[in-house]
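> Have a peek at entry.cif (mmCIF, C-alpha atoms and all ligand atoms).
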data_my_file
loop_
_atom_site.label_atom_id
_atom_site.label_comp_id
_atom_site.auth_asym_id
_atom_site.auth_seq_id
_atom_site.Cartn_x
_atom_site.Cartn_y
_atom_site.Cartn_z
CA MET N 1 0.00 0.00 0.00
CA THR N 2 1.19 3.51 -0.75
CA ALA N 3 -0.36 6.21 1.39
CA GLU N 4 -2.31 9.16 0.09
CA ILE N 5 -0.51 12.37 0.96
CA LEU N 6 -2.48 14.74 3.19
CA ASP N 7 -1.57 18.08 1.64
CA GLY N 8 -1.73 20.63 4.46
CA LYS N 9 -0.36 23.39 2.28
CA THR N 10 -3.32 23.26 -0.11
CA LEU N 11 -5.92 22.74 2.63
CA ALA N 12 -4.49 25.66 4.61
CA ALA N 13 -4.53 27.88 1.51
CA ASP N 14 -8.20 26.99 0.91
CA ILE N 15 -9.08 27.82 4.53
CA ARG N 16 -7.20 31.13 4.34
CA ALA N 17 -8.97 32.01 1.09
CA GLU N 18 -12.38 31.30 2.69
CA LEU N 19 -11.46 33.44 5.69
CA ALA N 20 -10.30 36.26 3.40
CA LYS N 21 -13.70 36.25 1.66
CA LYS N 22 -15.56 36.44 4.97
CA ILE N 23 -13.30 39.14 6.38
CA ALA N 24 -13.69 41.23 3.20
CA THR N 25 -17.41 41.55 3.98
CA MET N 26 -16.79 42.91 7.50
CA PRO N 27 -17.07 46.66 8.10
CA GLY N 28 -13.62 48.24 8.42
CA GLU N 29 -13.93 48.87 12.15
CA ASN N 30 -14.74 45.19 12.70
CA MET N 31 -11.70 43.77 10.90
CA PRO N 32 -10.04 41.27 13.27
CA VAL N 33 -6.80 42.31 14.97
CA LEU N 34 -4.22 39.90 16.39
CA ALA N 35 -1.53 41.01 18.85
CA VAL N 36 1.62 38.89 18.91
CA VAL N 37 3.97 39.31 21.86
CA LEU N 38 7.55 38.35 21.07
CA VAL N 39 10.08 38.38 23.90
CA GLY N 40 13.78 38.15 23.15
CA GLU N 41 15.88 37.15 20.18
CA ASN N 42 15.00 33.49 19.53
CA GLU N 43 15.63 33.19 15.78
CA ALA N 44 13.04 30.44 15.20
CA SER N 45 10.40 32.48 17.09
CA LYS N 46 11.17 35.54 14.96
CA ILE N 47 10.59 33.51 11.77
CA TYR N 48 7.32 32.04 13.10
CA VAL N 49 6.08 35.51 14.07
CA ARG N 50 7.05 36.98 10.69
CA ASN N 51 5.12 34.18 8.95
CA LYS N 52 2.05 34.72 11.14
CA LYS N 53 2.09 38.47 10.47
CA LYS N 54 2.40 37.97 6.70
CA ALA N 55 -0.37 35.35 6.63
CA ALA N 56 -2.65 37.60 8.70
CA ALA N 57 -2.07 40.62 6.44
CA GLU N 58 -2.83 38.55 3.33
CA ILE N 59 -6.38 37.82 4.50
CA GLY N 60 -7.18 41.19 6.07
CA ILE N 61 -6.38 40.47 9.71
CA GLY N 62 -4.44 43.27 11.36
CA CYS N 63 -1.38 42.03 13.21
CA GLU N 64 0.48 44.07 15.80
CA VAL N 65 3.77 42.57 16.90
CA VAL N 66 4.85 43.73 20.36
CA GLU N 67 8.61 43.14 20.42
CA LEU N 68 10.15 43.11 23.88
CA SER N 69 13.67 42.74 25.17
CA ASP N 70 14.56 39.47 26.92
CA THR N 71 15.48 41.59 29.95
CA ILE N 72 11.80 42.43 30.55
CA GLY N 73 10.52 41.24 33.93
CA GLU N 74 7.43 39.11 34.42
CA LYS N 75 5.51 41.94 36.09
CA ALA N 76 6.10 44.32 33.17
CA LEU N 77 5.08 41.61 30.70
CA LEU N 78 1.88 40.92 32.66
CA GLU N 79 1.08 44.65 32.52
CA ILE N 80 1.44 44.65 28.74
CA ILE N 81 -0.90 41.68 28.49
CA SER N 82 -3.39 43.41 30.75
CA GLU N 83 -3.34 46.45 28.43
CA LEU N 84 -3.91 44.21 25.39
CA ASN N 85 -6.80 42.50 27.24
CA MET N 86 -8.45 45.89 27.76
CA ASN N 87 -7.76 47.20 24.24
CA HIS N 88 -11.07 46.88 22.35
CA HIS N 89 -9.28 47.00 18.99
CA VAL N 90 -7.44 43.77 19.78
CA ASN N 91 -9.41 40.54 19.29
CA GLY N 92 -6.67 37.95 19.69
CA ILE N 93 -3.49 37.80 21.79
CA ILE N 94 -0.68 35.28 21.54
CA VAL N 95 2.64 35.15 23.33
CA GLN N 96 5.25 33.39 21.20
CA LEU N 97 6.90 30.57 23.12
CA PRO N 98 9.40 29.78 24.49
CA LEU N 99 9.74 32.67 26.93
CA PRO N 100 13.07 33.49 28.62
CA LYS N 101 13.75 31.26 31.63
CA HIS N 102 13.23 33.98 34.26
CA ILE N 103 9.57 34.37 33.22
CA ASN N 104 6.92 31.92 34.42
CA THR N 105 5.14 30.80 31.25
CA LEU N 106 2.03 29.58 33.08
CA ASN N 107 1.56 32.96 34.80
CA VAL N 108 1.80 34.74 31.45
CA LEU N 109 -0.52 32.41 29.54
CA SER N 110 -3.04 32.50 32.40
CA ALA N 111 -3.10 36.31 32.19
CA ILE N 112 -4.42 36.35 28.62
CA SER N 113 -8.14 36.99 28.59
CA PRO N 114 -9.75 33.61 27.66
CA GLU N 115 -11.91 35.29 24.98
CA LYS N 116 -8.75 36.64 23.28
CA ASP N 117 -6.59 33.56 23.88
CA VAL N 118 -6.46 32.49 20.21
CA ASP N 119 -3.61 30.04 20.88
CA GLY N 120 -5.87 28.29 23.40
CA PHE N 121 -2.93 28.03 25.82
CA ASN N 122 -4.65 29.64 28.81
CA PRO N 123 -5.41 26.77 31.24
CA TYR N 124 -9.03 27.97 31.27
CA ASN N 125 -9.38 27.14 27.56
CA ALA N 126 -7.43 23.90 28.00
CA GLY N 127 -9.93 23.01 30.76
CA LEU N 128 -12.93 23.85 28.57
CA LEU N 129 -11.49 21.58 25.87
CA ALA N 130 -11.02 18.81 28.45
CA CYS N 131 -14.70 19.27 29.42
CA LYS N 132 -15.74 19.12 25.74
CA GLU N 133 -17.19 22.61 25.99
CA PRO N 134 -17.88 23.99 22.48
CA LYS N 135 -16.84 27.49 23.54
CA ALA N 136 -13.25 26.36 24.21
CA ILE N 137 -10.70 28.05 21.97
CA VAL N 138 -8.71 25.05 20.71
CA SER N 139 -5.01 25.52 20.09
CA ALA N 140 -4.04 25.82 16.48
CA THR N 141 -1.86 22.76 15.86
CA PRO N 142 -4.27 20.15 17.30
CA LYS N 143 -7.14 21.89 15.48
CA GLY N 144 -5.13 21.59 12.26
CA VAL N 145 -4.47 17.91 12.98
CA LEU N 146 -8.21 17.28 13.36
CA LYS N 147 -9.00 19.16 10.10
CA LEU N 148 -6.47 16.97 8.26
CA LEU N 149 -8.03 13.83 9.75
CA GLN N 150 -11.51 15.02 8.77
CA LYS N 151 -10.24 15.65 5.24
CA THR N 152 -9.65 11.89 4.83
CA GLY N 153 -13.39 11.30 5.25
CA VAL N 154 -12.60 8.37 7.57
CA ASP N 155 -15.05 7.97 10.48
CA LEU N 156 -13.07 8.67 13.66
CA GLN N 157 -15.56 7.04 16.03
CA GLY N 158 -14.06 4.14 17.98
CA LYS N 159 -10.69 4.36 16.24
CA HIS N 160 -7.62 3.80 18.40
CA ALA N 161 -5.66 7.06 18.25
CA VAL N 162 -2.13 6.99 19.64
CA VAL N 163 -0.58 10.37 20.38
CA VAL N 164 3.19 10.32 20.83
CA GLY N 165 4.12 13.39 22.88
CA ARG N 166 2.49 15.05 25.89
CA SER N 167 3.31 18.74 25.49
CA ASN N 168 0.75 21.36 26.51
CA ILE N 169 0.95 22.85 23.01
CA VAL N 170 0.28 19.71 20.95
CA GLY N 171 0.15 16.26 22.60
CA ARG N 172 -2.30 16.90 25.44
CA PRO N 173 -4.79 19.08 23.50
CA ALA N 174 -4.58 16.74 20.47
CA ALA N 175 -5.46 13.80 22.72
CA MET N 176 -8.43 15.71 24.18
CA LEU N 177 -9.68 16.69 20.74
CA LEU N 178 -9.47 13.09 19.51
CA LEU N 179 -11.27 11.92 22.65
CA ASN N 180 -13.98 14.54 22.06
CA ASN N 181 -14.34 13.06 18.57
CA ASP N 182 -15.00 9.59 20.00
CA CYS N 183 -11.58 8.05 19.42
CA THR N 184 -10.11 5.67 21.97
CA VAL N 185 -6.97 7.55 22.91
CA SER N 186 -3.56 6.46 24.18
CA ILE N 187 -0.91 9.04 25.04
CA ALA N 188 2.71 7.91 24.77
CA HIS N 189 5.76 9.83 25.94
CA SER N 190 9.46 9.51 26.64
CA LYS N 191 8.89 7.14 29.58
CA THR N 192 6.43 4.87 27.78
CA LYS N 193 7.48 1.23 27.77
CA ASN N 194 7.21 -0.79 24.55
CA LEU N 195 6.46 2.30 22.45
CA LYS N 196 6.71 0.34 19.20
CA GLU N 197 4.08 -2.18 20.37
CA LEU N 198 1.67 0.61 21.31
CA VAL N 199 2.22 2.51 18.04
CA LEU N 200 1.57 -0.75 16.13
CA GLN N 201 -1.99 -0.69 17.56
CA ALA N 202 -2.78 2.76 16.21
CA ASP N 203 -5.49 3.29 13.60
CA ILE N 204 -4.61 6.96 13.88
CA LEU N 205 -1.11 8.01 14.84
CA VAL N 206 -0.25 11.60 15.81
CA VAL N 207 3.43 12.14 16.50
CA ALA N 208 4.66 15.29 18.22
CA CYS N 209 7.77 14.35 20.17
CA GLY N 210 10.60 16.20 18.39
CA CYS N 211 12.59 13.04 17.51
CA PRO N 212 13.62 13.04 13.86
CA LYS N 213 12.48 9.91 11.95
CA LEU N 214 11.60 8.03 15.16
CA ILE N 215 8.63 6.18 13.66
CA LYS N 216 9.62 3.42 11.24
CA LYS N 217 7.66 1.31 8.77
CA ASP N 218 7.61 -1.78 11.01
CA TRP N 219 5.91 0.32 13.76
CA ILE N 220 2.86 0.97 11.60
CA LYS N 221 -0.38 -1.01 11.44
CA ASP N 222 -1.46 -1.62 7.83
CA GLY N 223 -3.63 1.28 6.66
CA ALA N 224 -3.04 3.56 9.66
CA ILE N 225 -3.47 7.32 9.25
CA VAL N 226 -0.21 9.02 10.20
CA ILE N 227 -0.04 12.69 11.19
CA ASP N 228 3.48 13.99 11.71
CA VAL N 229 3.67 17.19 13.79
CA GLY N 230 7.48 17.10 14.11
CA ILE N 231 9.63 19.82 12.60
CA ASN N 232 13.29 18.94 13.20
CA ARG N 233 16.13 20.74 11.48
CA VAL N 234 19.11 18.43 10.95
CA ASP N 235 22.11 19.76 8.99
CA GLY N 236 19.90 22.49 7.53
CA LYS N 237 17.22 20.04 6.32
CA LEU N 238 13.73 19.57 7.78
CA TYR N 239 12.60 16.17 9.03
CA GLY N 240 9.44 15.04 10.74
CA ASP N 241 9.18 12.60 13.65
CA VAL N 242 8.13 9.94 11.13
CA ASP N 243 10.43 8.26 8.63
CA PHE N 244 8.28 9.40 5.71
CA GLU N 245 9.99 7.41 2.92
CA GLU N 246 9.43 4.16 4.82
CA VAL N 247 6.05 4.80 6.43
CA VAL N 248 4.42 6.07 3.21
CA GLU N 249 4.53 2.44 2.03
CA LYS N 250 2.44 1.15 4.95
CA ALA N 251 -0.02 3.92 5.94
CA SER N 252 -3.31 4.82 4.22
CA TYR N 253 -2.78 8.57 4.66
CA ILE N 254 0.30 10.50 5.74
CA THR N 255 1.28 14.14 6.20
CA PRO N 256 4.57 15.31 4.69
CA VAL N 257 7.12 17.51 6.45
CA PRO N 258 7.20 20.27 5.38
CA GLY N 259 3.76 20.93 3.87
CA GLY N 260 1.56 18.93 6.26
CA VAL N 261 0.63 20.13 9.74
CA GLY N 262 2.87 23.26 9.70
CA PRO N 263 0.77 25.37 7.29
CA MET N 264 -2.42 24.24 9.08
CA THR N 265 -1.19 25.72 12.36
CA VAL N 266 -1.04 29.23 10.91
CA ALA N 267 -4.41 28.83 9.14
CA MET N 268 -6.04 27.68 12.40
CA LEU N 269 -4.57 30.61 14.34
CA LEU N 270 -6.14 32.96 11.79
CA GLU N 271 -9.45 31.08 12.01
CA ASN N 272 -9.38 31.34 15.81
CA THR N 273 -8.72 35.09 15.53
CA TYR N 274 -11.58 35.59 13.08
CA GLU N 275 -13.97 33.56 15.26
CA ALA N 276 -12.87 35.40 18.42
CA ALA N 277 -13.53 38.74 16.71
CA LEU N 278 -17.02 37.61 15.63
CA ARG N 279 -17.85 36.42 19.16
CA GLN N 280 -16.59 39.62 20.77
CA GLN N 281 -18.51 41.79 18.31
CA SER N 282 -21.67 39.78 18.84
CA GLU N 283 -21.30 40.10 22.63
CA THR N 284 -20.78 43.87 22.38
CA LYS N 285 -23.92 44.12 20.27
CA HIS N 286 -25.92 42.07 22.76
CA SER N 287 -24.73 44.16 25.66
CA LYS N 288 -25.76 47.34 23.79
CA THR N 289 -29.21 46.08 22.81
CA GLY N 290 -29.81 44.34 26.12
CA CYS N 291 -30.65 41.18 24.22
CA SER N 292 -30.41 38.02 26.31
CA CYS N 293 -30.72 35.41 23.56
CA GLU N 294 -27.78 33.20 22.64
CA ASN N 295 -25.99 33.39 19.30
CA CYS N 296 -28.69 35.39 17.55
CA HIS N 297 -28.01 38.12 15.01
CA CYS N 298 -30.19 40.83 16.52
N1 LIG H 301 5.93 28.08 20.00
C1 LIG H 301 5.89 26.93 19.28
N2 LIG H 301 4.66 26.75 18.77
C2 LIG H 301 3.92 27.79 19.16
C3 LIG H 301 2.56 28.16 18.94
O1 LIG H 301 1.77 27.46 18.27
N3 LIG H 301 2.17 29.32 19.52
C4 LIG H 301 3.02 30.07 20.27
N4 LIG H 301 2.53 31.19 20.81
N5 LIG H 301 4.27 29.76 20.50
C5 LIG H 301 4.72 28.62 19.94
#
I'd like the structure from this file rewritten - as structure tokens, please.


Amino acid sequence: MTAEILDGKTLAADIRAELAKKIATMPGENMPVLAVVLVGENEASKIYVRNKKKAAAEIGIGCEVVELSDTIGEKALLEIISELNMNHHVNGIIVQLPLPKHINTLNVLSAISPEKDVDGFNPYNAGLLACKEPKAIVSATPKGVLKLLQKTGVDLQGKHAVVVGRSNIVGRPAAMLLLNNDCTVSIAHSKTKNLKELVLQADILVVACGCPKLIKKDWIKDGAIVIDVGINRVDGKLYGDVDFEEVVEKASYITPVPGGVGPMTVAMLLENTYEAALRQQSETKHSKTGCSCENCHC
């Protein structure tokens, strides 16, 4: 069997084009605005932020990058977030990670207003996702993973999904999202015993562990769907966590690296920002009209 390639680049471009159409119909004062907080000089973070800003501008989302020195203290950073929370022109706020070591990441992410937390990293949103609450803002990468899975048309119900990796950014929320979509979910990590045996049981495999080419062909159940979230740079070349050349011969669907999950992450961040802006505008309207109905267009 040779797997069908799940082309995240094309799917992400289609989603961005749809968003652009919707945003073009919004009155100018309602155009969504995303604030990106970038602390320090991490070169990879700078590239990610530049890409997000460019992608936002292309579809009509305003993007304000707040660049801060890595000498900033936690208190000063929390004050900046508080200002962004109160700024009615800003609909979405993200803080690019990682933060410098002297800053407590949890404190910072918890300070972002949940309604503007378009990365879905605030523990409040992570908790809503864990409770299967529809109003949870779901972090971009797991949301992109789910969209790619849905693109296959395969019914997810009852499938055994194995997630390799337990980070707050990808592994944990991806596992919750798969659980909320009726998969039977196993989460594997660096201390998991017999990893290969567990992975061999996966109908759906999501790998986000940062280990280049860890997953080999003889780890894969015939016809499994393989989603590779890894982006590892080795000698200037990008590799996923899956040995693509081998695994493509055994899976039914597989994402490439690059061109799989990566482009979906940016598209989902933009979708979250658009949806947050709509929700905020609808709430403002309700509070002005005194309407108490839910989700209406009064
Ligand atoms: N660092 C690595 N991935 C991400 C992401 O998706 N969002 C933010 N804010 N920081 C990251």

> Please provide the set of residues having any atom within 7 Å of region 23-31 of chain N, restricted to all atoms listed in the file, with same-chain residues fewer than 4 positions apart removed, written as a list in words.

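Everything that qualifies: Leu19, Gly60 and Ile61 of chain N.
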
> As a PDB file with C-alpha atoms, in the frame of the given file, please: every protein or nucleic acid residue near ligand LIG 301 (chain H) (cut-off 10 Å, counting all atoms listed in the file).


ATOM      1  CA  VAL N  36       1.620  38.890  18.910  1.00  0.00           C
ATOM      2  CA  VAL N  37       3.970  39.310  21.860  1.00  0.00           C
ATOM      3  CA  LEU N  38       7.550  38.350  21.070  1.00  0.00           C
ATOM      4  CA  ALA N  44      13.040  30.440  15.200  1.00  0.00           C
ATOM      5  CA  SER N  45      10.400  32.480  17.090  1.00  0.00           C
ATOM      6  CA  TYR N  48       7.320  32.040  13.100  1.00  0.00           C
ATOM      7  CA  VAL N  49       6.080  35.510  14.070  1.00  0.00           C
ATOM      8  CA  LYS N  52       2.050  34.720  11.140  1.00  0.00           C
ATOM      9  CA  ILE N  93      -3.490  37.800  21.790  1.00  0.00           C
ATOM     10  CA  ILE N  94      -0.680  35.280  21.540  1.00  0.00           C
ATOM     11  CA  VAL N  95       2.640  35.150  23.330  1.00  0.00           C
ATOM     12  CA  GLN N  96       5.250  33.390  21.200  1.00  0.00           C
ATOM     13  CA  LEU N  97       6.900  30.570  23.120  1.00  0.00           C
ATOM     14  CA  PRO N  98       9.400  29.780  24.490  1.00  0.00           C
ATOM     15  CA  LEU N  99       9.740  32.670  26.930  1.00  0.00           C
ATOM     16  CA  LEU N 109      -0.520  32.410  29.540  1.00  0.00           C
ATOM     17  CA  ASP N 117      -6.590  33.560  23.880  1.00  0.00           C
ATOM     18  CA  VAL N 118      -6.460  32.490  20.210  1.00  0.00           C
ATOM     19  CA  ASP N 119      -3.610  30.040  20.880  1.00  0.00           C
ATOM     20  CA  GLY N 120      -5.870  28.290  23.400  1.00  0.00           C
ATOM     21  CA  PHE N 121      -2.930  28.030  25.820  1.00  0.00           C
ATOM     22  CA  SER N 139      -5.010  25.520  20.090  1.00  0.00           C
ATOM     23  CA  ALA N 140      -4.040  25.820  16.480  1.00  0.00           C
ATOM     24  CA  THR N 141      -1.860  22.760  15.860  1.00  0.00           C
ATOM     25  CA  PRO N 142      -4.270  20.150  17.300  1.00  0.00           C
ATOM     26  CA  ILE N 169       0.950  22.850  23.010  1.00  0.00           C
ATOM     27  CA  VAL N 170       0.280  19.710  20.950  1.00  0.00           C
ATOM     28  CA  GLY N 262       2.870  23.260   9.700  1.00  0.00           C
ATOM     29  CA  THR N 265      -1.190  25.720  12.360  1.00  0.00           C
ATOM     30  CA  VAL N 266      -1.040  29.230  10.910  1.00  0.00           C
ATOM     31  CA  MET N 268      -6.040  27.680  12.400  1.00  0.00           C
ATOM     32  CA  LEU N 269      -4.570  30.610  14.340  1.00  0.00           C
TER      33      LEU N 269
END

> If you count all atoms listed in the file, which residues fall within 8 Å of Val163 (chain N), apart from same-chain ones fewer than 6 positions away, as a list in words?

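Contacts, in chain order: Gly171, Ala174, Ala175, Val185, Ser186, Ile187, Ala188, Leu205, Val206, Val207 and Ala208 of chain N.
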
> Give me, as a PDB file with C-alpha atoms, in the coordinates of the input, all polymer residues having an atom no more than 8 Å from region 248-257 of chain N, counting all atoms listed in the file and skipping those fewer than 3 positions away in the same chain.


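Generated file (around.pdb):
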ATOM      1  CA  MET N   1       0.000   0.000   0.000  1.00  0.00           C
ATOM      2  CA  THR N   2       1.190   3.510  -0.750  1.00  0.00           C
ATOM      3  CA  ALA N   3      -0.360   6.210   1.390  1.00  0.00           C
ATOM      4  CA  GLU N   4      -2.310   9.160   0.090  1.00  0.00           C
ATOM      5  CA  ILE N   5      -0.510  12.370   0.960  1.00  0.00           C
ATOM      6  CA  LEU N   6      -2.480  14.740   3.190  1.00  0.00           C
ATOM      7  CA  ASP N   7      -1.570  18.080   1.640  1.00  0.00           C
ATOM      8  CA  GLY N   8      -1.730  20.630   4.460  1.00  0.00           C
ATOM      9  CA  THR N 152      -9.650  11.890   4.830  1.00  0.00           C
ATOM     10  CA  LYS N 217       7.660   1.310   8.770  1.00  0.00           C
ATOM     11  CA  ILE N 220       2.860   0.970  11.600  1.00  0.00           C
ATOM     12  CA  LYS N 221      -0.380  -1.010  11.440  1.00  0.00           C
ATOM     13  CA  ASP N 222      -1.460  -1.620   7.830  1.00  0.00           C
ATOM     14  CA  GLY N 223      -3.630   1.280   6.660  1.00  0.00           C
ATOM     15  CA  ALA N 224      -3.040   3.560   9.660  1.00  0.00           C
ATOM     16  CA  ILE N 225      -3.470   7.320   9.250  1.00  0.00           C
ATOM     17  CA  VAL N 226      -0.210   9.020  10.200  1.00  0.00           C
ATOM     18  CA  ILE N 227      -0.040  12.690  11.190  1.00  0.00           C
ATOM     19  CA  ASP N 228       3.480  13.990  11.710  1.00  0.00           C
ATOM     20  CA  GLY N 230       7.480  17.100  14.110  1.00  0.00           C
ATOM     21  CA  ILE N 231       9.630  19.820  12.600  1.00  0.00           C
ATOM     22  CA  LEU N 238      13.730  19.570   7.780  1.00  0.00           C
ATOM     23  CA  TYR N 239      12.600  16.170   9.030  1.00  0.00           C
ATOM     24  CA  GLY N 240       9.440  15.040  10.740  1.00  0.00           C
ATOM     25  CA  PHE N 244       8.280   9.400   5.710  1.00  0.00           C
ATOM     26  CA  GLU N 245       9.990   7.410   2.920  1.00  0.00           C
ATOM     27  CA  GLY N 260       1.560  18.930   6.260  1.00  0.00           C
ATOM     28  CA  VAL N 261       0.630  20.130   9.740  1.00  0.00           C
ATOM     29  CA  GLY N 262       2.870  23.260   9.700  1.00  0.00           C
TER      30      GLY N 262
END

> In Å to one decimal, how far is CA of Asp14 (chain N) from CA of Lys54 (chain N)?

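Here the two named atoms are 16.3 Å from each other.
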
> CA of Ile137 (chain N) and CA of Lys53 (chain N) are how many Å apart?

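Here the two named atoms are 20.1 Å from each other.
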
> I'd like the interatomic distance between CA of Glu43 (chain N) and CA of Thr105 (chain N), to a tenth of an Å.

18.8 Å

> Just checking: using all atoms listed in the file, which residue out of N:Lys132, N:Gly158, N:Lys196, N:His189 ends up closest to Leu177 (chain N)?

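With all atoms listed in the file as the atom set, the closest residue is N:Lys132.
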
> Would you mind telling me which residue in N:Lys143, N:Val247, N:Ile59, N:Gly40 lies nearest to Glu18 (chain N) when using all atoms listed in the file?

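Comparing N:Lys143, N:Val247, N:Ile59, N:Gly40 against Glu18 (chain N), the winner is N:Ile59.
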
> May I have the residues within 12 Å of Cys131 (chain N) as a PyMOL selection string, using all atoms listed in the file and disregarding those fewer than 4 positions away in the same chain?

chain N and resi 124-127+135-136+173+176-177+179-180

> Start from the incomplete input, build N, CA and C atoms for region 50-64 of chain N, and deliver everything as a PDB file, keeping the file's coordinate frame.


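Contents of the output file part_35.pdb:
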ATOM      1  N   ARG N  50       7.083  36.314  12.009  1.00  0.00           N
ATOM      2  CA  ARG N  50       7.050  36.980  10.690  1.00  0.00           C
ATOM      3  C   ARG N  50       6.044  36.271   9.779  1.00  0.00           C
ATOM      4  N   ASN N  51       6.052  34.944   9.794  1.00  0.00           N
ATOM      5  CA  ASN N  51       5.120  34.180   8.950  1.00  0.00           C
ATOM      6  C   ASN N  51       3.660  34.428   9.352  1.00  0.00           C
ATOM      7  N   LYS N  52       3.417  34.499  10.668  1.00  0.00           N
ATOM      8  CA  LYS N  52       2.050  34.720  11.140  1.00  0.00           C
ATOM      9  C   LYS N  52       1.567  36.111  10.698  1.00  0.00           C
ATOM     10  N   LYS N  53       2.462  37.100  10.823  1.00  0.00           N
ATOM     11  CA  LYS N  53       2.090  38.470  10.470  1.00  0.00           C
ATOM     12  C   LYS N  53       1.762  38.563   8.974  1.00  0.00           C
ATOM     13  N   LYS N  54       2.597  37.931   8.161  1.00  0.00           N
ATOM     14  CA  LYS N  54       2.400  37.970   6.700  1.00  0.00           C
ATOM     15  C   LYS N  54       1.075  37.268   6.340  1.00  0.00           C
ATOM     16  N   ALA N  55       0.847  36.102   6.940  1.00  0.00           N
ATOM     17  CA  ALA N  55      -0.370  35.350   6.630  1.00  0.00           C
ATOM     18  C   ALA N  55      -1.612  36.128   7.067  1.00  0.00           C
ATOM     19  N   ALA N  56      -1.519  36.806   8.212  1.00  0.00           N
ATOM     20  CA  ALA N  56      -2.650  37.600   8.700  1.00  0.00           C
ATOM     21  C   ALA N  56      -2.944  38.741   7.717  1.00  0.00           C
ATOM     22  N   ALA N  57      -1.900  39.464   7.325  1.00  0.00           N
ATOM     23  CA  ALA N  57      -2.070  40.620   6.440  1.00  0.00           C
ATOM     24  C   ALA N  57      -2.707  40.187   5.116  1.00  0.00           C
ATOM     25  N   GLU N  58      -2.318  39.018   4.629  1.00  0.00           N
ATOM     26  CA  GLU N  58      -2.830  38.550   3.330  1.00  0.00           C
ATOM     27  C   GLU N  58      -4.331  38.341   3.325  1.00  0.00           C
ATOM     28  N   ILE N  59      -4.925  38.071   4.498  1.00  0.00           N
ATOM     29  CA  ILE N  59      -6.380  37.820   4.500  1.00  0.00           C
ATOM     30  C   ILE N  59      -7.148  38.940   5.211  1.00  0.00           C
ATOM     31  N   GLY N  60      -6.476  40.034   5.503  1.00  0.00           N
ATOM     32  CA  GLY N  60      -7.180  41.190   6.070  1.00  0.00           C
ATOM     33  C   GLY N  60      -7.265  41.211   7.575  1.00  0.00           C
ATOM     34  N   ILE N  61      -6.452  40.387   8.237  1.00  0.00           N
ATOM     35  CA  ILE N  61      -6.380  40.470   9.710  1.00  0.00           C
ATOM     36  C   ILE N  61      -5.222  41.380  10.071  1.00  0.00           C
ATOM     37  N   GLY N  62      -5.508  42.383  10.902  1.00  0.00           N
ATOM     38  CA  GLY N  62      -4.440  43.270  11.360  1.00  0.00           C
ATOM     39  C   GLY N  62      -3.562  42.518  12.346  1.00  0.00           C
ATOM     40  N   CYS N  63      -2.267  42.744  12.284  1.00  0.00           N
ATOM     41  CA  CYS N  63      -1.380  42.030  13.210  1.00  0.00           C
ATOM     42  C   CYS N  63      -0.377  43.015  13.800  1.00  0.00           C
ATOM     43  N   GLU N  64      -0.456  43.183  15.113  1.00  0.00           N
ATOM     44  CA  GLU N  64       0.480  44.070  15.800  1.00  0.00           C
ATOM     45  C   GLU N  64       1.480  43.216  16.560  1.00  0.00           C
TER      46      GLU N  64
END
